[in-house]
Structure formats: structure tokens, C-alpha cells
Amino acid sequence: MELEQATQAKLQDLERRNEVALQGGGASRVSKHKQGGRLTARERLDILLDPGSFVEMDRFVTHRCTNFGMDDSKVPGDGVITGYGRVNGKLVYAYSQDFTVIGGSMSRTQANKIIKIMDLAVKNGAPVVGLNDSGGARIQEGIESLGGYADIFTRNVMASGVVPQITGIMGPCAGGAVYSPSITDFIFMVKKTSYMFVTGPDVIKTVTHEDVTKEDLGGAITHSQKSGVAHFACEDDKHTLLMIRELLGFLPSNNLDEPPVLPTTDRPDRMCEMLNAYIPDNPKKPYDMLGLITEVVDEHYFLEVHKHYAQNVIVGFARLNGRSVGVVANQPQILAGCLDIEASRKAARFIRLCDSFNIPIVSFVDVPGFLPGTDQEWKGIITHGAKLLYAYAEATVPKITLITRKAYGGAYIVMGSKLLRSDINLAYPTAEIAVMGAEGAVNIIFREKITKASDPVAEKARLIKEYEQKFSNPYVSAELGYTDEVIEPALTRRRLIDSLEMLKNKRDIMPPKKHGNIPL
């Protein structure tokens, strides 16, 4: 009886400690935090992970700081909830910063909690999802807090390309704290309630005399449209967490796993008849490449990444016969599909992500060239364009490229051409594969002949037509073996799936080396 009473007392003590930890920063701070529709750190994990699957670790950890009266401000968990759970049945490690506890600020012990689950994620080959909501470094701890950040950054780098790393910016993220998210594979932001910046509005006003709000400086819209830092801008906390779940469904758990294959009722041999009349006869008339992509993929569903940034190129995830694929495509509706600095960086980063995690790359090409202009040249289009070239050439996953219309010059080479080790290259009969467009070529080749003609205008028109008939088609490339097949557009889905099935056991070996020197 006495033993039972002692055990009961210990169980009651455990229950009391759990209740204290679950309260976070207390009722008043939680109430203030939830104003404007924001969720608590625990509520966020409840939505992110499968119901009842979360197992918390280090619930009772507290900081060890005694400076500035901090020994009177100890809360179990120390401002971050860490552990593991399931997303659609798959193991995922997660941490969620609690802004109600000392502003979610980074302490040495909070960092220790985060790096513990990061280490476990790498050892066990599972994704890491971080939900950031923090006022930054805990100033009272000084350099210990900075050391904690550095340890997290290092683990981000070590985990890069080993397990997927996803960050949800659920509130403030400023100063050194922004660098961990920037190393991860994907960043989600919440409109109007989250922001990221290295230096805040007050510092900027002092140094540069610029007046700018937090939202304009580093809000979700700014980073998803202007800087490209954020891959997704979501409506609220719940939308963000559901989108993270959706994204995880396209990714393998680690770099040794194959990408997920899900059952589908969409027949692999489904004909896409509408595509036979989709590409305009007028080569200067734009069309929506998204319409072509969604017509071809399973269930017509495409998860676009970086939707609002560098819109002249499209990247994202889809499925073909249930198998995850990464899609890269030019968008003729924006800048005629030209490649520029932002588009090159966006596509190169996505390609390397797919290659890291064994996700086949399907490219839809309609590119007239690189965007001309002094602004592009002075800002380094040469180097940035080379990033895209490097990414395609380096990738060893199955690579399938379909040229729908224009593919000119260096941009043709860069966009997943056979010359960059692409496995299967297809083209529509409407494809124009050449060094440059007919008019530009005629102006160079026949400049003297045109000026000497009795009717220069008519002679130029005749030469352009002749050049188009000879070179502005996919058959010269097909004769040389650079294009494997010229296909009827209606067969697009079937041919892509056939190619993926044929390539599913592809093995490609890179020369032994520590790592390449990508033109950063």
C-alpha cells in the first residue's frame, strides 16, 4: 500500500509537470499570440502531423542562463517543441518554436533540442520540418546563443541532399536566424503574419535613411515575388501546414529512397487530343505552358513551386502514372519564355533538388534565348545562366525533354538538351530547333545579298521563308540524333510515361571528386 502511494504521488508529479509544459508561456501570452488567427506551436504540430502520431522529446529541458535574472524565467521546453511523428504514415522529425516563451528566442538549450532531432533525422533517413516563430537570438546568453545557431547551420549543410529539409516561417525570423531556413530545401511563409530579414526597418532607417515596413521589407509577398527567398506564400497557418504535408507527398524520405509512387485512376495511355491544336500557328503568339503541363500529368494536378517568382520559367511537382516527377518548363506568356538571371537560378536550384532526391526531371521547352540587355549582362547573366547548364549536365536522374516550339542557340543547349546528357529528347512537329530565329539568321548570313537586291524587302522575305523551311523544324536535329522522336502532341502523356518506365533503373556515375565548383 505504501509503495502504491509513492508511485501514485510520482505519477501525479509527472502529470503536474506535463500540464506546466503544455501551458507554454501562460494563458495571457497564448491569448495574445492567437490574435489574428495565429496558431500555437503545439496546434501547428497537430495539423502538420498525422493525428496522434507526435512523440515529444525534451519536454522538460530548461535553459541554464543566470544572467540578468534569467534564472527566474525558466519554462519547461525552453521555447521550442521537438520530436517526431508521421505525415501520411511516413516518419518525419519536426520542431516548432513557441513565441509565447521568451519570444521563442534561441538559447543554447533550445539549439541543443533542435540539433538532437536533426541528427536523428539524418541517422534514420527522414525529413526535417522546422516551424520558425522567434524573436531571434537570446541576447542574455550572448555568444552561447550564436553558437547554437552555428551548430544548427552546420547540420543544415550536412543534411543537405541527404534528407529533405522544409521550413515554415510562422512569425518573425530576423538576423542570423534567417540562414538556417535559407539552407533548407523549401521555405513556406504566411501572408501578413511572417517576415524574414537580416536587418530590420529600424536599422535600415538609421543606416540608409529608407522608410520601409516589416511587410514590405520581408513579408511573404515580398519574398515570394521579389527576392525568391520563399517558395510558397500561404494564406494562414493552417494553409501553410497543409501545403507542407502536400509537398512531402512528392518527396522520398531520403537520398537513398526512390520517390513515392501513388495509385492513380488516370490511364497511362490517355490521349491528349487537345494538344494537337494547342500550339499556335503564329510562332510569335504566346500560349500558357501550364495548360499543357496539367493536360499531361496525372489527374491534371501540378504543384507549382516558386509560383510568383521568375514566372518566365515554371518549376514544380507532378505525377506520371503515379510516380513523382519534377517539371521544368519555359512560359511563353512571360518574356516570351526567355531565360534571365532569376529564371536560371530558380530552375537550377530546383533541378539540383530533384537530382539530390532521385526525382526524374521532365522539361517542356519553348525558349527563344537568353534575355538581352545591359542590365542582365552587368548583373552576370553569363554566370547565372551557367548555373542552369551546370545543374542539367550534373544531374544523373532520368531526364526527359520535350521541345514544343522554339529552342534557339545557347538556350536550346541549356534547357535539358541531348548535349547535356539528357536521356530522351522529344519534339513536336511545331518545334523550331536552330542556332537562332529565321529573321536573325537571314540578317547575318545574307546581309550583303539583301542590300544588293532590286527589292530588298521581297528578297529578305523569300530568304526567311527558305530558311524556315530548311532549319525551323525538328527534323535536322532528329537526323543528327539530338532528337530521339518527333511525336504527335496527343501522344505526349503516353510517350513521357513510356520513357520514365524505360529509365526507371537508370544508373549514371559521375567522375570521382570531392564536389564540383558550380558557378555561384
# chains A, B, ... in the order shown; residues from 1 in each chain; ligands from 1

call {"tool": "select_by_dssp", "arguments": {"residues": "region 236-300 of chain A", "states": "alpha helix (DSSP H)", "output": "list in words"}}
result
Asp237, Lys238, His239, Thr240, Leu241, Leu242, Met243, Ile244, Arg245, Glu246, Leu247, Leu248, Met289, Leu290, Gly291, Leu292, Ile293, Thr294, Glu295 and Val296 of chain A

call {"tool": "select_by_dssp", "arguments": {"residues": "region 407-512 of chain A", "states": "strand (DSSP E)", "output": "ChimeraX atom specification"}}
result
/A:407-408,424-427,432-434,485-486

call {"tool": "write_last_selection", "arguments": {"atoms": "N, CA and C atoms", "output": "compact mmCIF listing (two decimals), in the first residue's frame"}}
result
# COMPACT_ATOMS: atom_id res chain seq x y z
N ALA A 407 13.45 26.53 -79.76
CA ALA A 407 14.62 26.13 -78.97
C ALA A 407 15.83 26.63 -79.74
N TYR A 408 16.28 27.83 -79.37
CA TYR A 408 17.30 28.52 -80.15
C TYR A 408 18.61 28.65 -79.37
N ILE A 424 16.16 11.15 -72.94
CA ILE A 424 15.18 11.09 -74.02
C ILE A 424 14.80 12.51 -74.41
N ASN A 425 14.94 12.82 -75.70
CA ASN A 425 14.57 14.14 -76.20
C ASN A 425 13.50 13.98 -77.28
N LEU A 426 12.35 14.56 -76.99
CA LEU A 426 11.20 14.50 -77.89
C LEU A 426 10.93 15.89 -78.44
N ALA A 427 10.20 15.95 -79.53
CA ALA A 427 9.82 17.25 -80.12
C ALA A 427 8.48 17.12 -80.82
N GLU A 432 10.98 24.34 -83.43
CA GLU A 432 11.95 25.07 -84.24
C GLU A 432 13.29 25.01 -83.50
N ILE A 433 14.16 24.12 -83.95
CA ILE A 433 15.44 23.91 -83.27
C ILE A 433 16.55 24.45 -84.17
N ALA A 434 17.17 25.54 -83.76
CA ALA A 434 18.17 26.18 -84.62
C ALA A 434 19.08 27.06 -83.77
N GLU A 485 12.77 11.43 -81.04
CA GLU A 485 11.49 11.15 -81.71
C GLU A 485 10.70 12.44 -81.87
N VAL A 486 10.11 12.61 -83.03
CA VAL A 486 9.14 13.68 -83.27
C VAL A 486 7.77 13.07 -83.10

call {"tool": "residues_around", "arguments": {"residues": "Gly171 (chain A)", "least_positions_apart": "3", "cutoff": "8 Å", "atoms": "only C-alpha atoms", "output": "PyMOL selection string"}}
result
chain A and resi 132-134+190+193-195

call {"tool": "write_last_selection", "arguments": {"atoms": "N, CA and C atoms", "output": "mmCIF file, in the first residue's frame"}}
result
data_model
loop_
_atom_site.group_PDB
_atom_site.id
_atom_site.type_symbol
_atom_site.label_atom_id
_atom_site.label_comp_id
_atom_site.auth_asym_id
_atom_site.auth_seq_id
_atom_site.Cartn_x
_atom_site.Cartn_y
_atom_site.Cartn_z
ATOM 1 N N ASN A 132 9.378 27.993 -37.688
ATOM 2 C CA ASN A 132 10.103 29.083 -37.038
ATOM 3 C C ASN A 132 9.163 30.198 -36.610
ATOM 4 N N ASP A 133 9.290 30.598 -35.360
ATOM 5 C CA ASP A 133 8.497 31.705 -34.819
ATOM 6 C C ASP A 133 9.277 32.249 -33.635
ATOM 7 N N SER A 134 10.245 33.126 -33.909
ATOM 8 C CA SER A 134 11.206 33.504 -32.874
ATOM 9 C C SER A 134 11.635 34.955 -33.014
ATOM 10 N N VAL A 190 3.788 32.730 -44.267
ATOM 11 C CA VAL A 190 2.376 33.047 -44.041
ATOM 12 C C VAL A 190 2.149 34.525 -44.338
ATOM 13 N N THR A 193 1.588 37.624 -41.494
ATOM 14 C CA THR A 193 1.996 37.327 -40.116
ATOM 15 C C THR A 193 3.429 36.813 -39.998
ATOM 16 N N SER A 194 4.113 36.605 -41.115
ATOM 17 C CA SER A 194 5.502 36.147 -41.038
ATOM 18 C C SER A 194 6.398 37.078 -41.839
ATOM 19 N N TYR A 195 7.639 37.180 -41.425
ATOM 20 C CA TYR A 195 8.591 38.003 -42.172
ATOM 21 C C TYR A 195 10.012 37.530 -41.897
#

call {"tool": "atom_distance", "arguments": {"atom1": "CA of Val203 (chain A)", "atom2": "CA of Ser73 (chain A)"}}
result
28.6 Å

call {"tool": "closest_residue", "arguments": {"among": "A:Pro127, A:Pro332, A:Pro429, A:Pro474", "to": "Ala490 (chain A)", "atoms": "only C-alpha atoms"}}
result
A:Pro429

call {"tool": "atom_distance", "arguments": {"atom1": "CA of Gln469 (chain A)", "atom2": "CA of Arg494 (chain A)"}}
result
29.0 Å

call {"tool": "closest_residue", "arguments": {"among": "A:Ala41, A:Cys354, A:Val414, A:Leu520", "to": "Asn255 (chain A)", "atoms": "only C-alpha atoms"}}
result
A:Cys354

call {"tool": "closest_residue", "arguments": {"among": "A:Thr374, A:Asn358, A:Thr430, A:Ser227", "to": "Pro280 (chain A)", "atoms": "only C-alpha atoms"}}
result
A:Thr430

call {"tool": "atom_distance", "arguments": {"atom1": "CA of Asn18 (chain A)", "atom2": "CA of Arg42 (chain A)"}}
result
13.3 Å

call {"tool": "residues_around", "arguments": {"residues": "Arg17 (chain A)", "least_positions_apart": "2", "cutoff": "12 Å", "atoms": "only C-alpha atoms", "output": "compact mmCIF listing (two decimals) with N, CA and C atoms, in the first residue's frame"}}
result
# COMPACT_ATOMS: atom_id res chain seq x y z
N LYS A 10 4.28 9.99 -7.55
CA LYS A 10 5.19 10.28 -8.65
C LYS A 10 4.44 10.47 -9.97
N LEU A 11 3.40 9.67 -10.15
CA LEU A 11 2.58 9.83 -11.37
C LEU A 11 1.88 11.19 -11.37
N GLN A 12 1.40 11.60 -10.20
CA GLN A 12 0.75 12.90 -10.09
C GLN A 12 1.74 14.03 -10.35
N ASP A 13 2.97 13.83 -9.87
CA ASP A 13 4.01 14.82 -10.13
C ASP A 13 4.32 14.92 -11.62
N LEU A 14 4.38 13.78 -12.29
CA LEU A 14 4.59 13.77 -13.75
C LEU A 14 3.46 14.50 -14.46
N GLU A 15 2.24 14.23 -14.04
CA GLU A 15 1.08 14.88 -14.66
C GLU A 15 1.14 16.39 -14.47
N GLU A 19 1.47 19.25 -17.39
CA GLU A 19 0.49 20.34 -17.51
C GLU A 19 1.21 21.69 -17.60
N VAL A 20 2.24 21.88 -16.80
CA VAL A 20 3.00 23.13 -16.83
C VAL A 20 3.66 23.31 -18.19
N ALA A 21 4.26 22.23 -18.71
CA ALA A 21 4.95 22.31 -20.01
C ALA A 21 3.96 22.61 -21.13
N LEU A 22 2.77 22.02 -21.04
CA LEU A 22 1.78 22.21 -22.11
C LEU A 22 1.20 23.62 -22.13
N GLN A 23 1.35 24.35 -21.05
CA GLN A 23 0.81 25.72 -20.99
C GLN A 23 1.68 26.74 -21.70
N GLY A 24 2.90 26.36 -22.10
CA GLY A 24 3.78 27.29 -22.80
C GLY A 24 4.07 28.51 -21.95
N ARG A 59 10.81 17.49 -23.39
CA ARG A 59 9.73 18.37 -22.92
C ARG A 59 10.13 19.17 -21.69
N PHE A 60 10.99 18.60 -20.85
CA PHE A 60 11.30 19.25 -19.58
C PHE A 60 12.63 20.00 -19.58
N VAL A 61 13.24 20.14 -20.73
CA VAL A 61 14.51 20.86 -20.82
C VAL A 61 14.28 22.34 -20.49
N VAL A 75 11.00 28.01 -18.29
CA VAL A 75 9.77 27.34 -18.70
C VAL A 75 10.15 25.99 -19.32
N PRO A 76 9.52 24.91 -18.91
CA PRO A 76 9.85 23.60 -19.49
C PRO A 76 9.72 23.61 -21.03
N GLY A 77 10.74 23.09 -21.67
CA GLY A 77 10.77 23.09 -23.13
C GLY A 77 11.57 24.23 -23.71

call {"tool": "closest_residue", "arguments": {"among": "A:Ile413, A:Met158, A:Ala431, A:Val229", "to": "Glu342 (chain A)", "atoms": "only C-alpha atoms"}}
result
A:Val229

call {"tool": "closest_residue", "arguments": {"among": "A:Arg493, A:Ala458, A:Lys418, A:Met274", "to": "Ala478 (chain A)", "atoms": "only C-alpha atoms"}}
result
A:Lys418

call {"tool": "closest_residue", "arguments": {"among": "A:Ala150, A:Ile351, A:Met510, A:Ile81", "to": "Asp58 (chain A)", "atoms": "only C-alpha atoms"}}
result
A:Ile81

call {"tool": "residues_around", "arguments": {"residues": "Asp202 (chain A)", "least_positions_apart": "2", "cutoff": "10 Å", "atoms": "only C-alpha atoms", "output": "list in words"}}
result
Thr199, Gly200, Ile204, Lys205, Thr206, Val207, His209, Glu210, Asp211, Val212, Thr213 and Lys214 of chain A

call {"tool": "residues_around", "arguments": {"residues": "Ala318 (chain A)", "least_positions_apart": "3", "cutoff": "6 Å", "atoms": "only C-alpha atoms", "output": "VMD selection string"}}
result
chain A and resid 302 324 to 325

call {"tool": "write_last_selection", "arguments": {"atoms": "C-alpha atoms", "output": "short mmCIF file (atom, residue, chain, number, x, y, z; two decimals), in the first residue's frame"}}
result
data_model
loop_
_atom_site.label_atom_id
_atom_site.label_comp_id
_atom_site.auth_asym_id
_atom_site.auth_seq_id
_atom_site.Cartn_x
_atom_site.Cartn_y
_atom_site.Cartn_z
CA PHE A 302 0.52 20.16 -60.73
CA SER A 324 6.69 11.73 -58.72
CA VAL A 325 8.45 13.88 -61.30
#

call {"tool": "residues_around", "arguments": {"residues": "Thr264 (chain A)", "least_positions_apart": "6", "cutoff": "8 Å", "atoms": "only C-alpha atoms", "output": "list in words"}}
result
Asp298, Glu299, Asn321 and Gly322 of chain A
